[in-house]
Amino acid sequence: MHGHGANASTWYRQIEALGARHPVYAVDTIDDPGGSVQRLPMTLSSDVAAWLDEVFEGLGLERVHLVGHSYGGWVALNQGIHGASRLARLTLIDPGGVEKVPLRFLASLVVAVFAIQAPASWRPRLARLLAEAALAELPEIMAPVMIGARAFRPYRKPARLFTDEEMRKVTVPTQVILARRSKLMRPARALARAQRLLPLTRGEIVPGVGHGIPQEAPDLVNERILTFAGEAIAPG
């Protein structure tokens with residue numbers, strides 16, 4: 001599950017590595033610009049879980065290792081709370097919902113929109129300076145994201161903070177991968193909360209990277225997902 005305002009193509013650095021070992025489904029979130037079509041409003045967290053469960057059912061999936069980044073991490077964690085019947089494991093990558101979305105994160109999105117208009121030769125440096133991996137992404141990946149940012153208005157609020165009681169409802173094995181330079185959360189505090197409330201198998205803070213971990217550290221993310229998935233099917 002991808003981040004806010006994006007689409008399934010943002011997983012292009014993961015698909016080859018993961019697809020060589022497992023069937024992979026990358027889904028356009030229903031309330032973001034993409035291939036999914038929303039016909040009814042989703043006002044409750046349980047509505048989002050019901051929609052994703054319908055996706056699993058439509059694909060004929062009974063046991064899913066669900067991976068989510070950013071808002072997609074919120075969707076994945078929400079599924080563990082409200083619709084875990086088809087879940088085998090959860091991988092949460094710098095996810096929403098573990099801490100309240102700070103104003104600095106929303107401000108960073110605005111800065112990124114302006115920075116992406118900079119000359120292409122400047123963008124890798126700006127990406128490192130601002131910890132915004134999207135600035136250095138391939139143009140064909142970012143073009144639809146920018147069209148969506150200009151023309152699409154999602155009918156949802158920022159990913160809300162899950163309560164302690166909600167997070168304790170997650171029962172499937174979970175791993176959490178956080179960014180040291182994340183603007184979405186204070187990673188040490190977020191990891192401590194995840195360790196306290198979730199059935200955490202693995203939790204780590206990746207040094208030197210910002211919120212876009214799948215783009216900045218694709219080999220690490222791929223290895224963590226594959227290792228975790230392998231543990232899920234290992235004999236005994």
# chains A, B, ... in the order shown; residues from 1 in each chain; ligands from 1
$ residues_around --residues "stretch 95-101 of chain A" --least-positions-apart "4" --cutoff "9 Å" --atoms "only C-alpha atoms" --output "ChimeraX atom specification"
/A:3,68-78,105-106,158-163,167,176-178,183-186,189-191,193-194
$ residues_around --residues "stretch 228-232 of chain A" --least-positions-apart "5" --cutoff "12 Å" --atoms "only C-alpha atoms" --output "mmCIF file with all heavy atoms, in the first residue's frame"
data_model
loop_
_atom_site.group_PDB
_atom_site.id
_atom_site.type_symbol
_atom_site.label_atom_id
_atom_site.label_comp_id
_atom_site.auth_asym_id
_atom_site.auth_seq_id
_atom_site.Cartn_x
_atom_site.Cartn_y
_atom_site.Cartn_z
ATOM 1 N N LEU A 18 10.855 -8.567 -5.119
ATOM 2 C CA LEU A 18 9.809 -9.308 -4.411
ATOM 3 C C LEU A 18 9.108 -10.289 -5.346
ATOM 4 O O LEU A 18 8.785 -11.414 -4.954
ATOM 5 C CB LEU A 18 8.794 -8.334 -3.805
ATOM 6 C CG LEU A 18 9.332 -7.265 -2.852
ATOM 7 C CD1 LEU A 18 8.182 -6.463 -2.258
ATOM 8 C CD2 LEU A 18 10.187 -7.874 -1.751
ATOM 9 N N ARG A 21 10.262 -13.911 -5.950
ATOM 10 C CA ARG A 21 10.064 -14.908 -4.897
ATOM 11 C C ARG A 21 8.595 -15.145 -4.538
ATOM 12 O O ARG A 21 8.241 -16.207 -4.045
ATOM 13 C CB ARG A 21 10.801 -14.444 -3.626
ATOM 14 C CG ARG A 21 12.294 -14.247 -3.790
ATOM 15 C CD ARG A 21 13.068 -15.479 -3.404
ATOM 16 N NE ARG A 21 12.903 -15.771 -1.995
ATOM 17 C CZ ARG A 21 13.639 -15.242 -1.024
ATOM 18 N NH1 ARG A 21 14.593 -14.359 -1.322
ATOM 19 N NH2 ARG A 21 13.448 -15.587 0.227
ATOM 20 N N HIS A 22 7.755 -14.136 -4.760
ATOM 21 C CA HIS A 22 6.357 -14.222 -4.310
ATOM 22 C C HIS A 22 5.439 -13.516 -5.304
ATOM 23 O O HIS A 22 5.865 -12.568 -5.972
ATOM 24 C CB HIS A 22 6.181 -13.545 -2.935
ATOM 25 C CG HIS A 22 7.031 -14.126 -1.855
ATOM 26 N ND1 HIS A 22 6.689 -15.278 -1.181
ATOM 27 C CD2 HIS A 22 8.216 -13.707 -1.322
ATOM 28 C CE1 HIS A 22 7.621 -15.548 -0.280
ATOM 29 N NE2 HIS A 22 8.555 -14.621 -0.354
ATOM 30 N N PRO A 23 4.168 -13.919 -5.372
ATOM 31 C CA PRO A 23 3.190 -13.088 -6.091
ATOM 32 C C PRO A 23 3.058 -11.738 -5.379
ATOM 33 O O PRO A 23 3.019 -11.683 -4.156
ATOM 34 C CB PRO A 23 1.883 -13.886 -5.981
ATOM 35 C CG PRO A 23 2.294 -15.277 -5.612
ATOM 36 C CD PRO A 23 3.562 -15.143 -4.811
ATOM 37 N N VAL A 24 3.019 -10.664 -6.147
ATOM 38 C CA VAL A 24 2.960 -9.321 -5.574
ATOM 39 C C VAL A 24 1.769 -8.565 -6.176
ATOM 40 O O VAL A 24 1.601 -8.540 -7.394
ATOM 41 C CB VAL A 24 4.256 -8.529 -5.849
ATOM 42 C CG1 VAL A 24 4.148 -7.105 -5.300
ATOM 43 C CG2 VAL A 24 5.457 -9.236 -5.243
ATOM 44 N N ARG A 63 -4.364 -15.513 2.570
ATOM 45 C CA ARG A 63 -3.331 -15.173 3.558
ATOM 46 C C ARG A 63 -2.379 -14.169 2.911
ATOM 47 O O ARG A 63 -1.723 -14.473 1.919
ATOM 48 C CB ARG A 63 -2.565 -16.409 4.020
ATOM 49 C CG ARG A 63 -3.441 -17.453 4.683
ATOM 50 C CD ARG A 63 -4.002 -16.955 6.012
ATOM 51 N NE ARG A 63 -2.968 -16.873 7.036
ATOM 52 C CZ ARG A 63 -3.147 -16.258 8.208
ATOM 53 N NH1 ARG A 63 -4.266 -15.638 8.472
ATOM 54 N NH2 ARG A 63 -2.179 -16.258 9.107
ATOM 55 N N VAL A 64 -2.299 -12.992 3.484
ATOM 56 C CA VAL A 64 -1.589 -11.877 2.864
ATOM 57 C C VAL A 64 -0.516 -11.349 3.797
ATOM 58 O O VAL A 64 -0.764 -11.133 4.990
ATOM 59 C CB VAL A 64 -2.590 -10.734 2.538
ATOM 60 C CG1 VAL A 64 -1.854 -9.516 1.999
ATOM 61 C CG2 VAL A 64 -3.642 -11.216 1.546
ATOM 62 N N HIS A 65 0.690 -11.145 3.257
ATOM 63 C CA HIS A 65 1.715 -10.361 3.951
ATOM 64 C C HIS A 65 1.539 -8.939 3.450
ATOM 65 O O HIS A 65 1.919 -8.602 2.331
ATOM 66 C CB HIS A 65 3.107 -10.894 3.638
ATOM 67 C CG HIS A 65 4.211 -10.105 4.266
ATOM 68 N ND1 HIS A 65 5.540 -10.378 4.037
ATOM 69 C CD2 HIS A 65 4.202 -9.053 5.117
ATOM 70 C CE1 HIS A 65 6.305 -9.536 4.717
ATOM 71 N NE2 HIS A 65 5.508 -8.707 5.374
ATOM 72 N N LEU A 66 0.949 -8.084 4.270
ATOM 73 C CA LEU A 66 0.571 -6.741 3.858
ATOM 74 C C LEU A 66 1.680 -5.757 4.199
ATOM 75 O O LEU A 66 2.131 -5.677 5.343
ATOM 76 C CB LEU A 66 -0.732 -6.340 4.559
ATOM 77 C CG LEU A 66 -1.356 -5.001 4.160
ATOM 78 C CD1 LEU A 66 -1.658 -4.953 2.665
ATOM 79 C CD2 LEU A 66 -2.635 -4.759 4.971
ATOM 80 N N VAL A 67 2.126 -5.021 3.174
ATOM 81 C CA VAL A 67 3.204 -4.040 3.322
ATOM 82 C C VAL A 67 2.636 -2.658 3.040
ATOM 83 O O VAL A 67 1.947 -2.461 2.036
ATOM 84 C CB VAL A 67 4.359 -4.341 2.342
ATOM 85 C CG1 VAL A 67 5.465 -3.295 2.477
ATOM 86 C CG2 VAL A 67 4.906 -5.744 2.560
ATOM 87 N N LEU A 87 -4.872 -11.692 7.112
ATOM 88 C CA LEU A 87 -3.476 -11.265 7.246
ATOM 89 C C LEU A 87 -2.607 -12.369 7.832
ATOM 90 O O LEU A 87 -2.996 -13.039 8.780
ATOM 91 C CB LEU A 87 -3.385 -10.028 8.136
ATOM 92 C CG LEU A 87 -4.085 -8.759 7.653
ATOM 93 C CD1 LEU A 87 -3.779 -7.611 8.598
ATOM 94 C CD2 LEU A 87 -3.687 -8.413 6.227
ATOM 95 N N ALA A 88 -1.413 -12.517 7.263
ATOM 96 C CA ALA A 88 -0.390 -13.397 7.834
ATOM 97 C C ALA A 88 0.637 -12.582 8.598
ATOM 98 O O ALA A 88 1.047 -12.951 9.696
ATOM 99 C CB ALA A 88 0.295 -14.200 6.726
ATOM 100 N N ARG A 89 1.057 -11.445 8.011
ATOM 101 C CA ARG A 89 2.062 -10.581 8.628
ATOM 102 C C ARG A 89 1.863 -9.147 8.156
ATOM 103 O O ARG A 89 1.218 -8.900 7.127
ATOM 104 C CB ARG A 89 3.475 -11.050 8.279
ATOM 105 C CG ARG A 89 3.779 -12.433 8.845
ATOM 106 C CD ARG A 89 5.246 -12.669 9.066
ATOM 107 N NE ARG A 89 5.387 -13.807 9.989
ATOM 108 C CZ ARG A 89 6.504 -14.130 10.594
ATOM 109 N NH1 ARG A 89 7.598 -13.432 10.404
ATOM 110 N NH2 ARG A 89 6.552 -15.163 11.417
ATOM 111 N N LEU A 90 2.447 -8.225 8.899
ATOM 112 C CA LEU A 90 2.415 -6.810 8.551
ATOM 113 C C LEU A 90 3.836 -6.257 8.507
ATOM 114 O O LEU A 90 4.624 -6.494 9.425
ATOM 115 C CB LEU A 90 1.633 -6.006 9.592
ATOM 116 C CG LEU A 90 0.117 -6.125 9.639
ATOM 117 C CD1 LEU A 90 -0.416 -5.356 10.840
ATOM 118 C CD2 LEU A 90 -0.501 -5.602 8.353
ATOM 119 N N THR A 91 4.148 -5.512 7.452
ATOM 120 C CA THR A 91 5.371 -4.723 7.407
ATOM 121 C C THR A 91 4.969 -3.266 7.272
ATOM 122 O O THR A 91 4.327 -2.882 6.289
ATOM 123 C CB THR A 91 6.272 -5.135 6.231
ATOM 124 O OG1 THR A 91 6.820 -6.436 6.479
ATOM 125 C CG2 THR A 91 7.428 -4.154 6.063
ATOM 126 N N LEU A 92 5.329 -2.465 8.262
ATOM 127 C CA LEU A 92 4.959 -1.053 8.316
ATOM 128 C C LEU A 92 6.209 -0.215 8.108
ATOM 129 O O LEU A 92 7.157 -0.284 8.904
ATOM 130 C CB LEU A 92 4.319 -0.730 9.668
ATOM 131 C CG LEU A 92 3.190 -1.664 10.128
ATOM 132 C CD1 LEU A 92 2.713 -1.273 11.520
ATOM 133 C CD2 LEU A 92 2.034 -1.641 9.131
ATOM 134 N N VAL A 172 -1.264 -10.150 14.517
ATOM 135 C CA VAL A 172 -0.378 -10.818 13.559
ATOM 136 C C VAL A 172 1.054 -10.315 13.752
ATOM 137 O O VAL A 172 1.267 -9.156 14.140
ATOM 138 C CB VAL A 172 -0.835 -10.582 12.107
ATOM 139 C CG1 VAL A 172 -2.199 -11.197 11.886
ATOM 140 C CG2 VAL A 172 -0.841 -9.104 11.756
ATOM 141 N N PRO A 173 2.052 -11.155 13.494
ATOM 142 C CA PRO A 173 3.449 -10.708 13.610
ATOM 143 C C PRO A 173 3.694 -9.469 12.749
ATOM 144 O O PRO A 173 3.244 -9.396 11.605
ATOM 145 C CB PRO A 173 4.250 -11.912 13.111
ATOM 146 C CG PRO A 173 3.341 -13.084 13.331
ATOM 147 C CD PRO A 173 1.954 -12.579 13.100
ATOM 148 N N THR A 174 4.431 -8.528 13.305
ATOM 149 C CA THR A 174 4.602 -7.220 12.666
ATOM 150 C C THR A 174 6.064 -6.802 12.707
ATOM 151 O O THR A 174 6.761 -7.042 13.685
ATOM 152 C CB THR A 174 3.752 -6.157 13.404
ATOM 153 O OG1 THR A 174 2.371 -6.553 13.385
ATOM 154 C CG2 THR A 174 3.887 -4.792 12.763
ATOM 155 N N GLN A 175 6.518 -6.190 11.602
ATOM 156 C CA GLN A 175 7.821 -5.532 11.633
ATOM 157 C C GLN A 175 7.634 -4.064 11.263
ATOM 158 O O GLN A 175 6.761 -3.712 10.463
ATOM 159 C CB GLN A 175 8.844 -6.204 10.728
ATOM 160 C CG GLN A 175 8.667 -6.000 9.235
ATOM 161 C CD GLN A 175 9.885 -6.467 8.443
ATOM 162 O OE1 GLN A 175 11.016 -6.488 8.941
ATOM 163 N NE2 GLN A 175 9.671 -6.867 7.197
ATOM 164 N N VAL A 176 8.443 -3.204 11.874
ATOM 165 C CA VAL A 176 8.361 -1.768 11.665
ATOM 166 C C VAL A 176 9.732 -1.265 11.221
ATOM 167 O O VAL A 176 10.745 -1.553 11.867
ATOM 168 C CB VAL A 176 7.916 -1.044 12.954
ATOM 169 C CG1 VAL A 176 7.981 0.461 12.774
ATOM 170 C CG2 VAL A 176 6.501 -1.458 13.344
ATOM 171 N N ILE A 177 9.752 -0.517 10.105
ATOM 172 C CA ILE A 177 10.980 0.058 9.569
ATOM 173 C C ILE A 177 10.781 1.570 9.519
ATOM 174 O O ILE A 177 9.929 2.071 8.789
ATOM 175 C CB ILE A 177 11.283 -0.485 8.155
ATOM 176 C CG1 ILE A 177 11.328 -2.019 8.155
ATOM 177 C CG2 ILE A 177 12.596 0.089 7.630
ATOM 178 C CD1 ILE A 177 11.375 -2.631 6.756
ATOM 179 N N LEU A 200 5.513 -7.079 17.934
ATOM 180 C CA LEU A 200 6.631 -6.721 17.069
ATOM 181 C C LEU A 200 7.656 -7.848 17.022
ATOM 182 O O LEU A 200 8.218 -8.242 18.035
ATOM 183 C CB LEU A 200 7.272 -5.430 17.566
ATOM 184 C CG LEU A 200 7.891 -4.507 16.516
ATOM 185 C CD1 LEU A 200 6.825 -4.024 15.545
ATOM 186 C CD2 LEU A 200 8.566 -3.316 17.189
ATOM 187 N N THR A 201 7.918 -8.333 15.809
ATOM 188 C CA THR A 201 8.974 -9.303 15.579
ATOM 189 C C THR A 201 10.299 -8.608 15.316
ATOM 190 O O THR A 201 11.360 -9.058 15.741
ATOM 191 C CB THR A 201 8.619 -10.212 14.393
ATOM 192 O OG1 THR A 201 7.415 -10.924 14.702
ATOM 193 C CG2 THR A 201 9.731 -11.199 14.092
ATOM 194 N N ARG A 202 10.225 -7.498 14.594
ATOM 195 C CA ARG A 202 11.438 -6.733 14.270
ATOM 196 C C ARG A 202 11.083 -5.256 14.196
ATOM 197 O O ARG A 202 10.048 -4.888 13.637
ATOM 198 C CB ARG A 202 12.031 -7.191 12.933
ATOM 199 C CG ARG A 202 13.310 -6.457 12.540
ATOM 200 C CD ARG A 202 13.758 -6.777 11.138
ATOM 201 N NE ARG A 202 15.018 -6.103 10.843
ATOM 202 C CZ ARG A 202 16.205 -6.669 10.939
ATOM 203 N NH1 ARG A 202 16.296 -7.931 11.301
ATOM 204 N NH2 ARG A 202 17.306 -5.995 10.673
ATOM 205 N N GLY A 203 11.928 -4.418 14.755
ATOM 206 C CA GLY A 203 11.758 -2.978 14.644
ATOM 207 C C GLY A 203 13.108 -2.322 14.505
ATOM 208 O O GLY A 203 14.062 -2.699 15.189
ATOM 209 N N VAL A 221 14.999 -2.458 2.230
ATOM 210 C CA VAL A 221 13.556 -2.721 2.346
ATOM 211 C C VAL A 221 13.206 -4.072 1.730
ATOM 212 O O VAL A 221 12.465 -4.873 2.323
ATOM 213 C CB VAL A 221 12.752 -1.587 1.689
ATOM 214 C CG1 VAL A 221 11.278 -1.969 1.546
ATOM 215 C CG2 VAL A 221 12.889 -0.305 2.499
ATOM 216 N N ASN A 222 13.747 -4.353 0.557
ATOM 217 C CA ASN A 222 13.450 -5.628 -0.100
ATOM 218 C C ASN A 222 13.919 -6.806 0.743
ATOM 219 O O ASN A 222 13.200 -7.806 0.891
ATOM 220 C CB ASN A 222 14.116 -5.670 -1.475
ATOM 221 C CG ASN A 222 13.565 -4.616 -2.419
ATOM 222 O OD1 ASN A 222 12.510 -4.037 -2.175
ATOM 223 N ND2 ASN A 222 14.291 -4.340 -3.486
ATOM 224 N N GLU A 223 15.125 -6.693 1.285
ATOM 225 C CA GLU A 223 15.662 -7.788 2.105
ATOM 226 C C GLU A 223 14.815 -8.006 3.351
ATOM 227 O O GLU A 223 14.527 -9.143 3.720
ATOM 228 C CB GLU A 223 17.111 -7.471 2.494
ATOM 229 C CG GLU A 223 17.837 -8.611 3.201
ATOM 230 C CD GLU A 223 17.544 -8.677 4.692
ATOM 231 O OE1 GLU A 223 17.292 -7.601 5.282
ATOM 232 O OE2 GLU A 223 17.543 -9.786 5.267
#
$ select_by_dssp --residues "stretch 42-100 of chain A" --states "strand (DSSP E or B)" --output "MDAnalysis selection string"
chainID A and resid 64:69 87:93
$ closest_residue --among "A:Ala84, A:Val206, A:Ala188, A:Ala20" --to "A:Val170" --atoms "only C-alpha atoms"
A:Ala84
$ decode --residues "stretch 18-31 of chain A" --atoms "all heavy atoms" --output "tab-separated table (two decimals), in the first residue's frame"
chain	number	residue	atom	x	y	z
A	18	LEU	N	10.86	-8.57	-5.12
A	18	LEU	CA	9.81	-9.31	-4.41
A	18	LEU	C	9.11	-10.29	-5.35
A	18	LEU	O	8.79	-11.41	-4.95
A	18	LEU	CB	8.79	-8.33	-3.81
A	18	LEU	CG	9.33	-7.26	-2.85
A	18	LEU	CD1	8.18	-6.46	-2.26
A	18	LEU	CD2	10.19	-7.87	-1.75
A	19	GLY	N	8.87	-9.86	-6.59
A	19	GLY	CA	8.15	-10.71	-7.53
A	19	GLY	C	8.91	-11.94	-7.95
A	19	GLY	O	8.32	-12.92	-8.41
A	20	ALA	N	10.23	-11.92	-7.79
A	20	ALA	CA	11.02	-13.12	-8.12
A	20	ALA	C	10.78	-14.24	-7.13
A	20	ALA	O	11.05	-15.41	-7.43
A	20	ALA	CB	12.51	-12.75	-8.14
A	21	ARG	N	10.26	-13.91	-5.95
A	21	ARG	CA	10.06	-14.91	-4.90
A	21	ARG	C	8.60	-15.14	-4.54
A	21	ARG	O	8.24	-16.21	-4.05
A	21	ARG	CB	10.80	-14.44	-3.63
A	21	ARG	CG	12.29	-14.25	-3.79
A	21	ARG	CD	13.07	-15.48	-3.40
A	21	ARG	NE	12.90	-15.77	-1.99
A	21	ARG	CZ	13.64	-15.24	-1.02
A	21	ARG	NH1	14.59	-14.36	-1.32
A	21	ARG	NH2	13.45	-15.59	0.23
A	22	HIS	N	7.76	-14.14	-4.76
A	22	HIS	CA	6.36	-14.22	-4.31
A	22	HIS	C	5.44	-13.52	-5.30
A	22	HIS	O	5.86	-12.57	-5.97
A	22	HIS	CB	6.18	-13.55	-2.94
A	22	HIS	CG	7.03	-14.13	-1.85
A	22	HIS	ND1	6.69	-15.28	-1.18
A	22	HIS	CD2	8.22	-13.71	-1.32
A	22	HIS	CE1	7.62	-15.55	-0.28
A	22	HIS	NE2	8.55	-14.62	-0.35
A	23	PRO	N	4.17	-13.92	-5.37
A	23	PRO	CA	3.19	-13.09	-6.09
A	23	PRO	C	3.06	-11.74	-5.38
A	23	PRO	O	3.02	-11.68	-4.16
A	23	PRO	CB	1.88	-13.89	-5.98
A	23	PRO	CG	2.29	-15.28	-5.61
A	23	PRO	CD	3.56	-15.14	-4.81
A	24	VAL	N	3.02	-10.66	-6.15
A	24	VAL	CA	2.96	-9.32	-5.57
A	24	VAL	C	1.77	-8.56	-6.18
A	24	VAL	O	1.60	-8.54	-7.39
A	24	VAL	CB	4.26	-8.53	-5.85
A	24	VAL	CG1	4.15	-7.11	-5.30
A	24	VAL	CG2	5.46	-9.24	-5.24
A	25	TYR	N	0.98	-7.96	-5.32
A	25	TYR	CA	-0.13	-7.11	-5.75
A	25	TYR	C	0.10	-5.72	-5.17
A	25	TYR	O	0.18	-5.55	-3.95
A	25	TYR	CB	-1.48	-7.65	-5.25
A	25	TYR	CG	-1.82	-9.01	-5.80
A	25	TYR	CD1	-1.40	-10.18	-5.15
A	25	TYR	CD2	-2.56	-9.15	-6.98
A	25	TYR	CE1	-1.71	-11.43	-5.66
A	25	TYR	CE2	-2.87	-10.40	-7.49
A	25	TYR	CZ	-2.45	-11.54	-6.82
A	25	TYR	OH	-2.76	-12.78	-7.33
A	26	ALA	N	0.22	-4.72	-6.04
A	26	ALA	CA	0.35	-3.32	-5.61
A	26	ALA	C	-0.96	-2.62	-5.95
A	26	ALA	O	-1.35	-2.55	-7.11
A	26	ALA	CB	1.53	-2.65	-6.30
A	27	VAL	N	-1.64	-2.11	-4.94
A	27	VAL	CA	-3.00	-1.61	-5.08
A	27	VAL	C	-3.03	-0.10	-5.02
A	27	VAL	O	-2.41	0.50	-4.14
A	27	VAL	CB	-3.89	-2.20	-3.96
A	27	VAL	CG1	-5.32	-1.68	-4.08
A	27	VAL	CG2	-3.87	-3.72	-4.01
A	28	ASP	N	-3.75	0.53	-5.93
A	28	ASP	CA	-4.01	1.97	-5.83
A	28	ASP	C	-5.07	2.18	-4.74
A	28	ASP	O	-6.20	1.70	-4.86
A	28	ASP	CB	-4.54	2.52	-7.15
A	28	ASP	CG	-3.47	2.66	-8.21
A	28	ASP	OD1	-2.27	2.57	-7.87
A	28	ASP	OD2	-3.82	2.86	-9.39
A	29	THR	N	-4.70	2.92	-3.70
A	29	THR	CA	-5.65	3.19	-2.62
A	29	THR	C	-6.88	3.90	-3.18
A	29	THR	O	-6.77	4.79	-4.02
A	29	THR	CB	-5.00	4.06	-1.54
A	29	THR	OG1	-3.77	3.46	-1.14
A	29	THR	CG2	-5.90	4.21	-0.34
A	30	ILE	N	-8.04	3.53	-2.68
A	30	ILE	CA	-9.29	3.96	-3.29
A	30	ILE	C	-9.51	5.47	-3.21
A	30	ILE	O	-10.15	6.06	-4.08
A	30	ILE	CB	-10.48	3.19	-2.67
A	30	ILE	CG1	-11.71	3.33	-3.56
A	30	ILE	CG2	-10.74	3.64	-1.25
A	30	ILE	CD1	-12.84	2.41	-3.17
A	31	ASP	N	-8.99	6.13	-2.18
A	31	ASP	CA	-9.23	7.57	-2.05
A	31	ASP	C	-8.00	8.40	-2.42
A	31	ASP	O	-7.81	9.51	-1.94
A	31	ASP	CB	-9.73	7.93	-0.65
A	31	ASP	CG	-8.90	7.29	0.46
A	31	ASP	OD1	-7.87	6.65	0.13
A	31	ASP	OD2	-9.27	7.42	1.63
